[in-house]
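A.B. asks: Sharing a structure below in structure tokens format, with a few things to ask.
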Amino acid sequence: MLGLVASFVIVPLVTVMLLHLFKAPAPAAIGFLIVSVCAGAPFAVPGTTIARGDVPYAIGLMVVSVVLSVVLSPLFLSFLLGRLPGTGDLTIDYLTISLILFFSQILPLVLALYFHSGAAGRSGAPRTPCGAHPEPPGHRGGRLWPRRPVSERPQILCVGLPRHAFARSLRDRRGLGSWGTGKGTRKALAFSTPQRNTGIAMVIASSNFANTPAVTVTVVLAVFLTISGLIMQFVLHKF
């Protein structure tokens with residue numbers, strides 16, 4: 001809940017306050033606002049891994065944020081848009097944006113999980129985390145990550161790792177009091193919160209504010225967040 005509040009409430013509100021403080025022109029302000037309401041950046045998971053943060057927490061926050069973004073991102077954008085100077089008469093097509101986000105975000109995720117599960121069942125392969133092979137009798141130790149072709153590693157990261165990490169998270173934590181504590185969780189929250197789902201942001205900008213400076217600002221912010229995220233993950237790795 002802390003992560004969701006930080007991503008969906010605190011970041012957009014701070015953005016609106018800064019836009020008022022610096023008196024940003026309306027076209028640029030719209031671009032900043034679009035990016036601020038789009039939480040659930042997939043980049044947060046590998047970034048948290050490099051930063052040595054709590055990867056299961058980052059995965060859970062990312063997945064839940066992506067699902068909620070279909071409803072909350074256009075809703076918050078519509079609500080906050082009228083709070084910016086010079087944008088009081090602008091509106092967004094909430095239903096169209098929600099449908100676009102559903103077909104571009106949720107549907108591919110559901111289909112990927114469905115086909116992955118079906119392929120594992122048809123092949124008769126052991127349903128172990130990340131496709132790891134069971135250890136032979138008498139084997140001691142071994143690699144946590146089995147050697148696999150390079151072409152399969154993205155699928156392992158996108159499908160196997162979230163299931164394994166989330167299951168491990170549920171198994172290792174004891175009670176609600178242990179959730180959200182620890183250095184690793186703080187690192188994951190610190191890295192995931194400022195990262196925005198720039199894919200969702202560009203979908204919203206291009207579908208509702210095409211041929212306006214808002215699209216340019218959104219693209220520039222996407223590049224900036226990627227570069228700053230690369231720097232931040234190595235900074236957090238040192239602490």
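How things are named: the first chain in the structure tokens is A, the next is B, and so on; residues count from 1 in each chain; ligands count from 1 in the order shown.
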Mind dumping a table of every segment 183-231 of chain A residue within 10 Å of segment 71-78 of chain A, with the nearest atom pair and its distance in Å to one decimal, using only C-alpha atoms, sorted by chain and rising number, as a tab-separated table?

C.D. replies:
```
residue	atom	partner	partner_atom	distance
A:Ile200	CA	A:Ser73	CA	8.7
A:Ala201	CA	A:Ser73	CA	8.9
A:Ile204	CA	A:Pro74	CA	8.1
```

A.B. asks: For Phe191 of chain A, which residue out of A:Ala205, A:Ala222, A:Ala51, A:Leu68 is the nearest one, using only C-alpha atoms?

C.D. replies: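 With only C-alpha atoms as the atom set, the closest residue is A:Ala51.
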
A.B. asks: Which value, in Å to one decimal, gives the distance between atom CA of Thr216 of chain A and atom CA of Val64 of chain A?

C.D. replies: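 Atom CA of Val64 of chain A lies at a distance of 28.1 Å from atom CA of Thr216 of chain A.
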
A.B. asks: Please identify all polymer residues within 12 Å of Thr226 of chain A, counting only C-alpha atoms, omitting same-chain residues fewer than 5 positions from it, and present them as a list in words.

C.D. replies: Ala41, Pro42, Phe43, Ala44, Gly47, Phe191, Pro194, Gln195, Arg196, Asn197, Thr198, Gly199, Val219, Val220, Leu221, Ile231, Met232 and Gln233 of chain A

A.B. asks: Tell me which protein, DNA and RNA residues are within 12 Å of Arg83 of chain A, counting only C-alpha atoms, leaving out same-chain ones fewer than 2 positions away, and put them as a list in words.

C.D. replies: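 Final neighbour list, sorted by chain and number: Pro12, Leu13, Thr15, Val16, Met17, Leu19, His20, Ala26, Ala29, Ile30, Leu33, Phe76, Leu77, Ser78, Phe79, Leu80, Leu81, Pro85, Gly86, Thr87, Gly88, Asp89, Leu90 and Thr91 of chain A.
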
A.B. asks: List every residue of segment 22-78 of chain A that has an atom at most 10 Å from any atom of segment 103-113 of chain A, giving for each one its closest atom pair and the distance in Å to one decimal, counting only C-alpha atoms, sorted by chain and then by ascending residue number, as a Markdown table.

C.D. replies:
```
| residue | atom | partner | partner_atom | distance |
| --- | --- | --- | --- | --- |
| A:Val63 | CA | A:Leu109 | CA | 9.6 |
| A:Val66 | CA | A:Gln105 | CA | 7.3 |
| A:Val67 | CA | A:Ile106 | CA | 6.5 |
| A:Leu68 | CA | A:Ile106 | CA | 9.9 |
| A:Ser69 | CA | A:Gln105 | CA | 9.3 |
| A:Val70 | CA | A:Gln105 | CA | 8.0 |
```

A.B. asks: Residues of the last selection are to be written out with C-alpha atoms, as an mmCIF file, in the first residue's frame.

C.D. replies:
```cif
data_model
loop_
_atom_site.group_PDB
_atom_site.id
_atom_site.type_symbol
_atom_site.label_atom_id
_atom_site.label_comp_id
_atom_site.auth_asym_id
_atom_site.auth_seq_id
_atom_site.Cartn_x
_atom_site.Cartn_y
_atom_site.Cartn_z
ATOM 1 C CA VAL A 63 2.570 -5.960 -11.614
ATOM 2 C CA VAL A 66 0.447 -1.959 -14.276
ATOM 3 C CA VAL A 67 -2.988 -3.469 -13.667
ATOM 4 C CA LEU A 68 -4.210 -0.466 -11.675
ATOM 5 C CA SER A 69 -2.812 1.979 -14.248
ATOM 6 C CA VAL A 70 -5.516 0.944 -16.701
#
```

A.B. asks: Calculate how many Å separate atom CA of Phe239 of chain A from atom CA of Ala190 of chain A, rounding to one decimal.

C.D. replies: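 Answer for the atom CA of Phe239 of chain A to atom CA of Ala190 of chain A separation: 12.3 Å.
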
A.B. asks: Between A:Gly31, A:Thr193, A:Met62, A:Tyr114, which is the closest to Val9 of chain A once you count only C-alpha atoms?

C.D. replies: A:Thr193

A.B. asks: With distances taken over only C-alpha atoms, which of A:Pro25, A:Gly40, A:Gly3, A:Gly53 is nearest to Gly182 of chain A?

C.D. replies: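 The answer is A:Gly53, which sits nearest to Gly182 of chain A.
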